[in-house]
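The structure file upload_32.txt is reproduced below (compact mmCIF, C-alpha atoms).
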```txt
# COMPACT_ATOMS: atom_id res chain seq x y z
CA MET A 284 8.60 -46.39 7.21
CA THR A 285 5.80 -48.92 7.06
CA ALA A 286 5.73 -52.08 4.98
CA GLY A 287 3.18 -50.45 2.69
CA ASP A 288 5.49 -47.49 2.14
CA ARG A 289 8.35 -49.82 1.30
CA ASN A 290 6.11 -51.54 -1.23
CA ILE A 291 5.44 -48.20 -2.90
CA LEU A 292 9.14 -47.42 -3.13
CA HIS A 293 9.77 -50.90 -4.47
CA ALA A 294 7.14 -50.33 -7.15
CA ILE A 295 8.72 -47.04 -8.11
CA GLU A 296 12.30 -48.28 -8.03
CA PRO A 297 12.44 -51.98 -8.85
CA ALA A 298 14.99 -54.14 -7.10
CA GLY A 299 17.13 -54.46 -10.23
CA ASP A 300 20.05 -56.83 -10.15
CA GLY A 301 21.02 -56.86 -6.50
CA LEU A 302 23.92 -54.76 -5.21
CA ALA A 303 24.87 -53.51 -8.68
CA GLY A 304 21.30 -52.30 -9.30
CA ARG A 305 21.17 -50.50 -5.96
CA TRP A 306 24.50 -48.85 -6.67
CA ARG A 307 23.27 -47.58 -10.07
CA ARG A 308 20.12 -46.15 -8.48
CA PHE A 309 22.18 -44.52 -5.72
CA TRP A 310 24.60 -42.90 -8.16
CA ARG A 311 22.18 -41.75 -10.84
CA GLU A 312 20.98 -38.18 -11.32
CA PRO A 313 17.96 -37.03 -9.31
CA ASP A 314 14.63 -37.82 -10.93
CA PRO A 315 12.21 -35.13 -12.13
CA VAL A 316 10.41 -35.22 -8.77
CA LEU A 317 13.35 -33.42 -7.17
CA ALA A 318 14.89 -31.69 -10.18
CA ASP A 319 12.65 -28.64 -9.91
CA ALA A 320 13.19 -28.40 -6.15
CA GLY A 321 16.93 -28.64 -6.81
CA SER A 322 16.69 -25.73 -9.26
CA ARG A 323 14.97 -23.56 -6.65
CA GLY A 324 17.57 -24.60 -4.09
CA GLU A 325 20.37 -23.72 -6.51
CA LEU A 326 18.92 -20.23 -6.92
CA LEU A 327 18.84 -19.74 -3.16
CA VAL A 328 22.44 -20.93 -2.84
CA ALA A 329 23.49 -18.61 -5.68
CA GLN A 330 21.94 -15.60 -3.95
CA VAL A 331 23.65 -16.42 -0.65
CA ARG A 332 26.96 -17.01 -2.46
CA VAL A 333 26.85 -13.55 -4.04
CA ALA A 334 26.11 -11.93 -0.67
CA VAL A 335 28.90 -13.81 1.11
CA THR A 336 31.56 -13.11 -1.52
CA ALA A 337 30.52 -9.44 -1.56
CA LEU A 338 31.06 -9.25 2.21
CA LEU A 339 34.36 -11.11 1.94
CA LEU A 340 35.49 -8.59 -0.65
CA LEU A 341 35.38 -5.83 1.99
CA VAL A 342 38.31 -7.26 3.98
CA PRO A 343 40.97 -7.53 1.23
CA GLY A 344 39.56 -4.31 -0.26
CA ALA A 345 40.24 -2.45 2.97
CA ASN A 346 43.70 -4.03 3.28
CA LEU A 347 44.54 -3.02 -0.28
CA TRP A 348 43.39 0.54 0.36
CA LEU A 349 45.55 0.78 3.48
CA ALA A 350 48.63 -0.89 1.95
CA PRO A 351 48.29 -0.93 -1.86
CA ARG A 352 51.88 -1.99 -2.51
CA LEU A 353 51.83 -5.05 -0.29
CA PHE A 354 51.88 -8.18 -2.48
CA GLU A 355 49.68 -10.34 -0.28
CA ASN A 356 46.99 -7.64 -0.21
CA ARG A 357 46.93 -7.56 -3.99
CA VAL A 358 46.71 -11.35 -4.19
CA GLY A 359 43.93 -11.51 -1.62
CA PHE A 360 41.89 -8.79 -3.32
CA ALA A 361 42.35 -10.30 -6.81
CA VAL A 362 41.31 -13.79 -5.71
CA THR A 363 38.28 -12.54 -3.77
CA LEU A 364 37.22 -10.28 -6.65
CA ALA A 365 37.43 -13.24 -9.05
CA ALA A 366 35.32 -15.32 -6.64
CA PHE A 367 32.72 -12.53 -6.49
CA ALA A 368 32.63 -12.25 -10.29
CA LEU A 369 32.14 -16.01 -10.66
CA ALA A 370 29.40 -15.97 -8.01
CA VAL A 371 27.55 -13.23 -9.92
CA GLY A 372 27.98 -15.16 -13.18
CA VAL A 373 26.52 -18.34 -11.68
CA TRP A 374 23.63 -16.37 -10.16
CA LEU A 375 22.80 -14.81 -13.53
CA LEU A 376 22.88 -18.26 -15.16
CA VAL A 377 20.61 -19.81 -12.52
CA ARG A 378 18.20 -16.87 -12.76
CA THR A 379 17.43 -17.73 -16.39
CA GLY A 380 15.77 -20.94 -15.23
CA ARG A 381 18.15 -23.11 -17.21
CA ARG A 382 19.85 -25.86 -15.25
CA PRO A 383 22.52 -27.57 -17.36
CA ALA A 384 23.55 -31.02 -16.16
CA TRP A 385 26.97 -29.70 -15.16
CA LEU A 386 25.73 -26.72 -13.14
CA GLY A 387 25.32 -28.55 -9.83
CA THR A 388 28.79 -30.07 -10.13
CA LEU A 389 30.32 -26.69 -11.01
CA CYS A 390 28.62 -24.90 -8.11
CA THR A 391 29.56 -27.62 -5.63
CA ALA A 392 33.21 -27.51 -6.71
CA PHE A 393 33.15 -23.71 -6.62
CA ASP A 394 31.74 -23.53 -3.07
CA VAL A 395 34.35 -25.93 -1.68
CA SER A 396 37.21 -24.41 -3.68
CA LEU A 397 36.28 -20.93 -2.43
CA VAL A 398 37.03 -22.06 1.13
CA SER A 399 40.26 -23.77 0.05
CA THR A 400 41.33 -20.64 -1.83
CA ALA A 401 40.92 -18.57 1.33
CA LEU A 402 43.15 -21.02 3.22
CA LEU A 403 45.65 -21.04 0.36
CA ILE A 404 45.89 -17.24 0.51
CA TYR A 405 46.98 -17.53 4.14
CA VAL A 406 49.76 -19.90 3.10
CA LEU A 407 50.93 -17.62 0.28
CA THR A 408 50.85 -14.56 2.54
CA HIS A 409 53.14 -16.19 5.15
CA GLN A 410 50.38 -17.18 7.60
CA PRO A 411 50.50 -21.00 7.29
CA LEU A 412 49.28 -21.70 10.83
CA VAL A 413 46.13 -19.72 10.11
CA ALA A 414 45.56 -22.03 7.13
CA THR A 415 46.17 -25.28 8.99
CA ASN A 416 44.56 -24.38 12.33
CA SER A 417 41.87 -21.90 11.24
CA ARG A 418 38.89 -21.80 13.57
CA VAL A 419 36.71 -19.72 11.24
CA VAL A 420 37.50 -20.34 7.58
CA PHE A 421 37.77 -24.13 7.97
CA GLU A 422 34.22 -24.33 9.32
CA ALA A 423 32.99 -22.90 6.02
CA TYR A 424 33.71 -26.32 4.50
CA PHE A 425 30.76 -27.65 6.50
CA LEU A 426 28.51 -24.93 5.07
CA ALA A 427 29.64 -25.82 1.54
CA ILE A 428 28.80 -29.48 2.22
CA ALA A 429 25.50 -28.65 3.91
CA VAL A 430 24.13 -26.59 1.00
CA THR A 431 24.50 -29.61 -1.30
CA CYS A 432 21.39 -30.95 0.45
CA LEU A 433 19.42 -28.20 -1.33
CA ARG A 434 20.46 -29.71 -4.67
CA TYR A 435 18.86 -33.08 -3.79
CA ASP A 436 21.66 -35.02 -5.47
CA VAL A 437 23.51 -37.65 -3.45
CA ARG A 438 26.43 -37.57 -5.85
CA LEU A 439 27.05 -33.89 -5.16
CA CYS A 440 27.01 -34.49 -1.40
CA LEU A 441 29.79 -37.03 -1.78
CA LEU A 442 31.65 -34.85 -4.29
CA ALA A 443 31.66 -31.95 -1.83
CA GLY A 444 33.14 -34.18 0.89
CA ILE A 445 35.80 -35.64 -1.38
CA LEU A 446 36.87 -32.22 -2.66
CA ALA A 447 36.95 -30.73 0.83
CA VAL A 448 39.15 -33.55 2.16
CA ALA A 449 41.50 -33.49 -0.85
CA GLN A 450 41.84 -29.70 -0.99
CA TYR A 451 42.32 -29.15 2.75
CA LEU A 452 44.89 -31.92 2.86
CA SER A 453 46.70 -30.32 -0.10
CA VAL A 454 46.77 -26.95 1.68
CA VAL A 455 48.21 -28.58 4.80
CA VAL A 456 50.85 -30.49 2.83
CA LEU A 457 51.85 -27.28 1.02
CA ALA A 458 52.10 -25.38 4.31
CA THR A 459 54.25 -28.02 5.96
CA GLY A 460 56.47 -28.18 2.89
CA LEU A 461 57.09 -24.42 2.72
CA TYR A 462 57.38 -23.61 6.42
CA ASP A 463 58.66 -25.05 9.68
CA LEU A 464 55.36 -24.86 11.54
CA ASP A 465 56.86 -25.85 14.89
CA ASP A 466 59.05 -22.72 14.91
CA LEU A 467 56.17 -20.48 13.84
CA ALA A 468 53.92 -21.75 16.61
CA ASP A 469 56.16 -20.20 19.27
CA GLY A 470 55.49 -16.74 17.88
CA ILE A 471 51.76 -17.14 17.14
CA VAL A 472 50.28 -18.56 20.32
CA ARG A 473 46.62 -17.87 19.50
CA TYR A 474 46.61 -20.42 16.66
CA GLY A 475 48.23 -23.20 18.69
CA ARG A 476 50.73 -25.76 17.48
CA PHE A 477 50.43 -27.75 14.30
CA GLU A 478 49.58 -31.42 14.89
CA TRP A 479 48.83 -34.05 12.28
CA SER A 480 46.37 -35.69 14.68
CA SER A 481 44.22 -32.54 14.56
CA VAL A 482 44.38 -32.51 10.76
CA ILE A 483 43.29 -36.14 10.58
CA SER A 484 40.39 -35.42 12.96
CA ARG A 485 39.29 -32.56 10.72
CA LEU A 486 39.45 -34.78 7.63
CA ILE A 487 37.32 -37.41 9.37
CA LEU A 488 34.74 -34.77 10.35
CA LEU A 489 34.54 -33.58 6.75
CA GLY A 490 33.91 -37.16 5.62
CA ILE A 491 31.20 -37.65 8.25
CA ALA A 492 29.50 -34.38 7.26
CA SER A 493 29.46 -35.49 3.63
CA LEU A 494 27.90 -38.85 4.51
CA LEU A 495 25.28 -37.19 6.72
CA SER A 496 24.27 -34.83 3.92
CA ALA A 497 23.94 -37.83 1.58
CA VAL A 498 21.73 -39.65 4.12
CA ILE A 499 19.54 -36.54 4.48
CA VAL A 500 19.06 -36.34 0.71
CA LEU A 501 18.22 -40.04 0.52
CA ARG A 502 15.63 -39.61 3.27
CA VAL A 503 14.12 -36.53 1.62
CA ARG A 504 13.97 -38.43 -1.66
CA ALA A 505 12.06 -41.28 -0.01
CA LEU A 506 9.64 -39.02 1.87
CA ARG A 507 8.99 -36.81 -1.17
CA ARG A 508 8.21 -39.87 -3.27
CA LEU A 509 5.85 -41.26 -0.65
CA SER A 510 3.92 -37.98 -0.42
CA ALA A 511 3.62 -37.78 -4.21
CA THR A 512 2.72 -41.41 -4.87
CA ASP A 513 -0.52 -43.31 -5.33
CA ARG A 514 -0.32 -46.13 -2.80
CA MET A 515 -1.96 -48.82 -4.93
CA THR A 516 -0.26 -48.41 -8.32
CA GLY A 517 3.06 -46.84 -7.30
CA LEU A 518 2.51 -44.07 -9.86
CA PHE A 519 2.41 -40.41 -8.91
CA ASN A 520 -0.85 -39.02 -7.53
CA ARG A 521 -3.07 -36.27 -8.86
CA GLY A 522 -1.77 -33.58 -6.53
CA HIS A 523 1.78 -34.12 -7.65
CA PHE A 524 0.71 -34.29 -11.28
CA ASP A 525 -1.07 -30.92 -11.11
CA GLU A 526 2.01 -29.32 -9.55
CA ARG A 527 4.44 -30.81 -12.07
CA LEU A 528 2.24 -30.06 -15.08
CA GLU A 529 2.43 -26.34 -14.37
CA ALA A 530 6.21 -26.51 -13.98
CA GLU A 531 6.74 -28.60 -17.12
CA LEU A 532 4.43 -26.38 -19.16
CA SER A 533 6.29 -23.27 -18.01
CA ARG A 534 9.61 -24.88 -18.94
CA ALA A 535 8.31 -25.96 -22.35
CA GLN A 536 7.06 -22.46 -23.13
CA ARG A 537 10.33 -20.89 -21.99
CA LEU A 538 12.40 -23.23 -24.17
CA GLN A 539 9.82 -23.15 -27.00
CA GLN A 540 9.46 -26.95 -27.00
CA PRO A 541 6.30 -29.00 -27.57
CA LEU A 542 4.67 -30.81 -24.68
CA SER A 543 1.94 -33.47 -24.83
CA VAL A 544 -0.65 -34.28 -22.18
CA VAL A 545 -2.38 -37.68 -22.29
CA MET A 546 -5.52 -38.87 -20.57
CA LEU A 547 -5.90 -42.65 -20.63
CA ASP A 548 -8.86 -44.62 -19.32
CA VAL A 549 -9.39 -48.36 -18.86
CA ASP A 550 -12.30 -49.56 -20.99
CA ARG A 551 -15.35 -51.10 -19.27
CA PHE A 552 -13.54 -51.27 -15.95
CA LYS A 553 -16.75 -51.34 -13.90
CA GLU A 554 -17.90 -54.42 -15.77
CA PHE A 555 -14.51 -56.01 -15.13
CA ASN A 556 -14.88 -55.27 -11.40
CA ASP A 557 -18.43 -56.60 -11.31
CA ARG A 558 -17.41 -59.83 -13.02
CA TYR A 559 -14.14 -60.64 -11.25
CA GLY A 560 -14.30 -58.57 -8.04
CA HIS A 561 -12.55 -55.48 -6.78
CA ALA A 562 -9.41 -57.40 -5.87
CA ALA A 563 -9.06 -58.37 -9.52
CA GLY A 564 -9.67 -54.75 -10.49
CA ASP A 565 -6.81 -53.65 -8.25
CA VAL A 566 -4.54 -56.27 -9.82
CA GLY A 567 -5.58 -55.04 -13.26
CA LEU A 568 -4.75 -51.42 -12.46
CA ARG A 569 -1.39 -52.34 -10.94
CA THR A 570 -0.53 -54.50 -13.96
CA ILE A 571 -1.44 -51.74 -16.40
CA ALA A 572 0.47 -49.16 -14.35
CA GLU A 573 3.57 -51.36 -14.38
CA ARG A 574 3.36 -51.80 -18.13
CA ILE A 575 2.93 -48.05 -18.70
CA ARG A 576 5.85 -47.26 -16.41
CA GLY A 577 8.05 -49.70 -18.30
CA MET A 578 7.21 -48.13 -21.68
CA THR A 579 7.65 -44.44 -20.84
CA ARG A 580 10.78 -42.36 -20.49
CA ARG A 581 12.18 -41.32 -17.16
CA SER A 582 11.48 -37.70 -18.11
CA ASP A 583 7.78 -38.49 -18.67
CA LEU A 584 5.43 -37.93 -15.76
CA VAL A 585 2.79 -40.66 -15.35
CA ALA A 586 0.13 -40.39 -12.65
CA ARG A 587 -3.08 -42.05 -11.54
CA TYR A 588 -5.64 -39.29 -11.97
CA GLY A 589 -8.48 -41.07 -10.24
CA GLY A 590 -10.27 -44.42 -10.40
CA GLU A 591 -9.20 -46.18 -13.59
CA GLU A 592 -7.92 -43.00 -15.29
CA PHE A 593 -4.24 -42.19 -15.87
CA VAL A 594 -2.56 -39.01 -17.10
CA PHE A 595 0.83 -38.40 -18.71
CA VAL A 596 3.00 -35.36 -19.24
CA MET A 597 5.46 -35.94 -22.08
CA PRO A 598 8.01 -33.09 -22.31
CA ASP A 599 9.62 -32.23 -25.63
CA THR A 600 7.10 -34.45 -27.43
CA GLY A 601 4.96 -33.43 -30.38
CA ALA A 602 1.57 -34.88 -31.36
CA ASP A 603 2.93 -37.44 -33.83
CA VAL A 604 5.55 -38.85 -31.45
CA ALA A 605 3.06 -38.95 -28.56
CA PHE A 606 0.51 -40.69 -30.78
CA ASP A 607 3.01 -43.38 -31.83
CA LYS A 608 4.05 -43.99 -28.22
CA LEU A 609 0.44 -44.26 -26.99
CA GLU A 610 -0.36 -46.65 -29.82
CA GLN A 611 2.49 -48.88 -28.64
CA ILE A 612 1.21 -48.72 -25.06
CA ARG A 613 -2.38 -49.41 -26.18
CA GLN A 614 -1.34 -52.49 -28.15
CA ALA A 615 0.89 -53.75 -25.32
CA ILE A 616 -1.94 -53.47 -22.79
CA GLU A 617 -4.39 -55.10 -25.16
CA ALA A 618 -2.09 -58.14 -25.39
CA LEU A 619 -1.37 -58.20 -21.66
CA ASP A 620 -2.58 -61.20 -19.68
CA ILE A 621 -3.71 -60.16 -16.19
CA THR A 622 -3.38 -62.91 -13.59
CA LEU A 623 -6.56 -62.87 -11.54
CA PRO A 624 -6.66 -63.62 -7.79
CA ARG A 625 -8.25 -66.69 -6.24
CA GLY A 626 -7.37 -68.93 -9.17
CA GLN A 627 -9.72 -67.27 -11.65
CA GLY A 628 -7.16 -67.57 -14.46
CA THR A 629 -6.22 -64.59 -16.59
CA ALA A 630 -8.13 -61.82 -18.35
CA ARG A 631 -7.42 -58.85 -20.54
CA LEU A 632 -8.29 -55.17 -20.50
CA THR A 633 -8.08 -52.47 -23.15
CA VAL A 634 -7.56 -48.73 -22.86
CA SER A 635 -8.54 -45.57 -24.72
CA ALA A 636 -6.56 -42.35 -24.75
CA GLY A 637 -6.79 -38.71 -25.79
CA ILE A 638 -3.76 -36.53 -26.49
CA ALA A 639 -3.44 -32.73 -26.41
CA THR A 640 -0.24 -30.97 -27.41
CA SER A 641 1.04 -27.53 -26.49
CA PRO A 642 1.09 -24.99 -28.02
CA ALA A 643 -1.31 -26.12 -30.78
CA ASP A 644 -4.06 -27.26 -28.40
CA GLY A 645 -3.64 -24.58 -25.75
CA ALA A 646 -1.17 -22.70 -23.63
CA ALA A 647 -2.66 -23.32 -20.17
CA ALA A 648 -2.75 -26.54 -18.18
CA ASP A 649 -6.58 -26.49 -17.94
CA GLU A 650 -6.90 -26.08 -21.70
CA LEU A 651 -4.67 -29.05 -22.40
CA LEU A 652 -6.43 -31.25 -19.86
CA ASP A 653 -9.84 -30.31 -21.21
CA GLU A 654 -8.79 -31.03 -24.79
CA ALA A 655 -7.19 -34.37 -23.86
CA ASP A 656 -10.33 -35.30 -21.92
CA ALA A 657 -12.55 -34.35 -24.88
CA ARG A 658 -10.50 -36.54 -27.22
CA LEU A 659 -10.61 -39.39 -24.72
CA PHE A 660 -14.41 -39.05 -24.70
CA ARG A 661 -14.48 -39.18 -28.52
CA ALA A 662 -12.27 -42.28 -28.49
CA LYS A 663 -14.72 -43.93 -26.10
CA ALA A 664 -17.72 -42.90 -28.18
CA ALA A 665 -16.09 -44.23 -31.36
CA GLY A 666 -15.79 -47.75 -29.96
CA ARG A 667 -13.02 -47.74 -27.32
CA ASN A 668 -9.58 -49.34 -27.57
CA ARG A 669 -8.41 -46.27 -29.49
CA VAL A 670 -5.99 -43.35 -29.32
CA GLU A 671 -7.03 -39.93 -30.58
CA ALA A 672 -4.76 -36.94 -31.06
CA ARG A 673 -4.83 -33.74 -33.10
CA ARG A 674 -5.99 -34.71 -36.61
CA LEU A 675 -4.92 -38.29 -35.89
CA VAL A 676 -7.45 -41.03 -35.16
CA THR A 677 -6.75 -44.75 -35.19
CA PRO A 678 -9.26 -47.29 -36.38
CA ARG A 679 -9.92 -49.87 -33.72
CA ARG A 680 -7.33 -52.52 -34.50
CA THR A 681 -9.01 -55.53 -32.91
CA PRO A 682 -12.33 -56.21 -31.23
CA GLU A 683 -12.43 -55.22 -27.61
CA ARG A 684 -11.61 -58.14 -25.37
CA GLY A 685 -11.60 -56.48 -22.00
CA LEU A 686 -13.65 -59.12 -20.19
CA GLY A 687 -12.55 -62.27 -21.94
CA LEU A 688 -10.76 -65.00 -20.02
CA ALA A 689 -7.42 -66.01 -21.51
CA GLY A 690 -6.95 -69.09 -19.50
```
Turn the structure described in the file into structure tokens.
Amino acid sequence: MTAGDRNILHAIEPAGDGLAGRWRRFWREPDPVLADAGSRGELLVAQVRVAVTALLLLVPGANLWLAPRLFENRVGFAVTLAAFALAVGVWLLVRTGRRPAWLGTLCTAFDVSLVSTALLIYVLTHQPLVATNSRVVFEAYFLAIAVTCLRYDVRLCLLAGILAVAQYLSVVVLATGLYDLDDLADGIVRYGRFEWSSVISRLILLGIASLLSAVIVLRVRALRRLSATDRMTGLFNRGHFDERLEAELSRAQRLQQPLSVVMLDVDRFKEFNDRYGHAAGDVGLRTIAERIRGMTRRSDLVARYGGEEFVFVMPDTGADVAFDKLEQIRQAIEALDITLPRGQGTARLTVSAGIATSPADGAAADELLDEADARLFRAKAAGRNRVEARRLVTPRRTPERGLGLAG
């Protein structure tokens, strides 16, 4: 990663308050950049889970058919059937497109617990060495940990590792408490002898696998952000905005929620560049971008659309709320002193914005963008330093001071 790339990530995720700030950023939920990818990954995992549990159901089903009165066959079939039913239920939930905050945690716990349940069945059916020394079922823990990478959530990677270690250790402790494993080993040579050193090695491997999955997710998070980010401002770029707008609009229509699209343009930016130089223009754009980022929600998508133009997607936001928020941003930028390079002092810029809201202003992304752009044009034509939304137009609050030196 180059120094420029690190600067972008620093702009996106400020340093915060040292170690505590880094820890909070590490432990927080994935941002909207990866949330949609996590939803698609969850659907893939759900489909595979249904297929695997259906195949697993064949073994206890056959055993139950051959020996229906045997207790362990009944237990094995009942547990596997319950796992299959839960897998189908989760798949049906994920298919709807809804992704409750608890779904990833539930699915992670379910995947790991499914492996532990299989080992527990061996203990309860008088096969404890199969549970402690399994060469097949135990490896499924690593698959359960690996699929957490598809959820793009570091917390779930660590949760999977912690659950796998705790549950496998519990199975081993139960097996050693119920049986004398040294005596059993003499009669079941193919599973070897029970040794605590082997158990500890397995626990360490589970911990390492969990940490590796977390590192992979962190790396994917960094690379995805770099590919979606405008290098100068640290905001998202147009390509990422176009992709996310379609996804957010689809989600808003499915949940029947309003969604606002904003187009914001810096007033008289060419004149500012001509007067103070392009380096000052870059500083101005970065300063405005930082102020916008600090005044929008984490769920809002803010991108540099091109040149001095910015675009927002504001989920679950009607025209009135979006108008009030853009008015606050407009006033904050108007009062913002921009420190110019080469000792030129400070200057100020103003912005104009147009807002379009779904579904009132259109159902398609192009319709909303066109309407927001048309309202931005009207705000410019009416004198700049304005926000215009559906049936809402502000008078210009103060004279435009975009080129005036403040010191």
For Val420 of chain A, which of A:Asp436, A:Ala329, A:Leu403, A:Ile616 is the closest residue, counting only C-alpha atoms?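 Comparing A:Asp436, A:Ala329, A:Leu403, A:Ile616 against Val420 of chain A, the winner is A:Leu403.
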Measure the distance from atom CA of Val448 of chain A to atom CA of Leu488 of chain A in Å and round it to one decimal.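 Spanning atom CA of Val448 of chain A to atom CA of Leu488 of chain A is a straight-line distance of 9.4 Å.
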Give the answer as one residue: which of A:Ser396, A:Thr379, A:Thr391, A:Gln410 has the shortest atom-to-atom distance to Arg534 of chain A, using only C-alpha atoms?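 Comparing A:Ser396, A:Thr379, A:Thr391, A:Gln410 against Arg534 of chain A, the winner is A:Thr379.
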Quick one: distance from atom CA of Ala657 of chain A to atom CA of Ala615 of chain A in Å, one decimal? 23.6 Å
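Between Val482 of chain A and the residues A:Phe660, A:Tyr435, A:Phe606, A:Tyr451, the shortest atom-to-atom distance, using all atoms listed in the file, involves A:Tyr451.
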Two-atom distance - atom CA of Glu671 of chain A, atom CA of Glu610 of chain A (Å):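 Those two atoms sit 9.5 Å apart.
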Write out as a list of chain:residue names each polymer residue whose atoms come within 8 Å of Leu402 of chain A, counting all atoms listed in the file; drop sequence neighbours fewer than 3 positions from it.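 Everything that qualifies: A:Val398, A:Ser399, A:Tyr405, A:Val406, A:Val413, A:Ala414, A:Thr415, A:Val420, A:Phe421, A:Val454.
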Which of these, A:Val456, A:Ala345, A:Ile571, A:Ala586, has the shortest distance to Asp550 of chain A once you count all atoms listed in the file?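 Checking each candidate against Asp550 of chain A, we get A:Ile571 as the closest.
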Neighbour list for Ser493 of chain A as an MDAnalysis selection string, cut-off 6 Å, only C-alpha atoms, skip fewer than 4 positions in-chain: chainID A and resid 440:441 444
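With all atoms listed in the file as the atoms that count, the residue of A:Ala643, A:Ile612, A:Val373, A:Ile428 with the shortest distance to Met578 of chain A is A:Ile612.
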Would you list the contacts of Ala511 of chain A as a PyMOL selection string, taking every protein, DNA or RNA residue within 8 Å and counting all atoms listed in the file, but skipping same-chain residues closer than 5 positions in sequence? chain A and resi 519-520+522-523
Just give me the residues with any atom within 12 Å of (-3.4, -44.5, -28.2), file coordinates, counting only C-alpha atoms, written as a PyMOL selection string. chain A and resi 545-549+575+602-617+633-639+655+658-659+662-663+667-673+675-680
Write to file, as a PDB file, in the frame of the given file, the residues of the selection just made, with C-alpha atoms.
```pdb
ATOM      1  CA  VAL A 545      -2.380 -37.680 -22.290  1.00  0.00           C
ATOM      2  CA  MET A 546      -5.520 -38.870 -20.570  1.00  0.00           C
ATOM      3  CA  LEU A 547      -5.900 -42.650 -20.630  1.00  0.00           C
ATOM      4  CA  ASP A 548      -8.860 -44.620 -19.320  1.00  0.00           C
ATOM      5  CA  VAL A 549      -9.390 -48.360 -18.860  1.00  0.00           C
ATOM      6  CA  ILE A 575       2.930 -48.050 -18.700  1.00  0.00           C
ATOM      7  CA  ALA A 602       1.570 -34.880 -31.360  1.00  0.00           C
ATOM      8  CA  ASP A 603       2.930 -37.440 -33.830  1.00  0.00           C
ATOM      9  CA  VAL A 604       5.550 -38.850 -31.450  1.00  0.00           C
ATOM     10  CA  ALA A 605       3.060 -38.950 -28.560  1.00  0.00           C
ATOM     11  CA  PHE A 606       0.510 -40.690 -30.780  1.00  0.00           C
ATOM     12  CA  ASP A 607       3.010 -43.380 -31.830  1.00  0.00           C
ATOM     13  CA  LYS A 608       4.050 -43.990 -28.220  1.00  0.00           C
ATOM     14  CA  LEU A 609       0.440 -44.260 -26.990  1.00  0.00           C
ATOM     15  CA  GLU A 610      -0.360 -46.650 -29.820  1.00  0.00           C
ATOM     16  CA  GLN A 611       2.490 -48.880 -28.640  1.00  0.00           C
ATOM     17  CA  ILE A 612       1.210 -48.720 -25.060  1.00  0.00           C
ATOM     18  CA  ARG A 613      -2.380 -49.410 -26.180  1.00  0.00           C
ATOM     19  CA  GLN A 614      -1.340 -52.490 -28.150  1.00  0.00           C
ATOM     20  CA  ALA A 615       0.890 -53.750 -25.320  1.00  0.00           C
ATOM     21  CA  ILE A 616      -1.940 -53.470 -22.790  1.00  0.00           C
ATOM     22  CA  GLU A 617      -4.390 -55.100 -25.160  1.00  0.00           C
ATOM     23  CA  THR A 633      -8.080 -52.470 -23.150  1.00  0.00           C
ATOM     24  CA  VAL A 634      -7.560 -48.730 -22.860  1.00  0.00           C
ATOM     25  CA  SER A 635      -8.540 -45.570 -24.720  1.00  0.00           C
ATOM     26  CA  ALA A 636      -6.560 -42.350 -24.750  1.00  0.00           C
ATOM     27  CA  GLY A 637      -6.790 -38.710 -25.790  1.00  0.00           C
ATOM     28  CA  ILE A 638      -3.760 -36.530 -26.490  1.00  0.00           C
ATOM     29  CA  ALA A 639      -3.440 -32.730 -26.410  1.00  0.00           C
ATOM     30  CA  ALA A 655      -7.190 -34.370 -23.860  1.00  0.00           C
ATOM     31  CA  ARG A 658     -10.500 -36.540 -27.220  1.00  0.00           C
ATOM     32  CA  LEU A 659     -10.610 -39.390 -24.720  1.00  0.00           C
ATOM     33  CA  ALA A 662     -12.270 -42.280 -28.490  1.00  0.00           C
ATOM     34  CA  LYS A 663     -14.720 -43.930 -26.100  1.00  0.00           C
ATOM     35  CA  ARG A 667     -13.020 -47.740 -27.320  1.00  0.00           C
ATOM     36  CA  ASN A 668      -9.580 -49.340 -27.570  1.00  0.00           C
ATOM     37  CA  ARG A 669      -8.410 -46.270 -29.490  1.00  0.00           C
ATOM     38  CA  VAL A 670      -5.990 -43.350 -29.320  1.00  0.00           C
ATOM     39  CA  GLU A 671      -7.030 -39.930 -30.580  1.00  0.00           C
ATOM     40  CA  ALA A 672      -4.760 -36.940 -31.060  1.00  0.00           C
ATOM     41  CA  ARG A 673      -4.830 -33.740 -33.100  1.00  0.00           C
ATOM     42  CA  LEU A 675      -4.920 -38.290 -35.890  1.00  0.00           C
ATOM     43  CA  VAL A 676      -7.450 -41.030 -35.160  1.00  0.00           C
ATOM     44  CA  THR A 677      -6.750 -44.750 -35.190  1.00  0.00           C
ATOM     45  CA  PRO A 678      -9.260 -47.290 -36.380  1.00  0.00           C
ATOM     46  CA  ARG A 679      -9.920 -49.870 -33.720  1.00  0.00           C
ATOM     47  CA  ARG A 680      -7.330 -52.520 -34.500  1.00  0.00           C
TER      48      ARG A 680
END
```
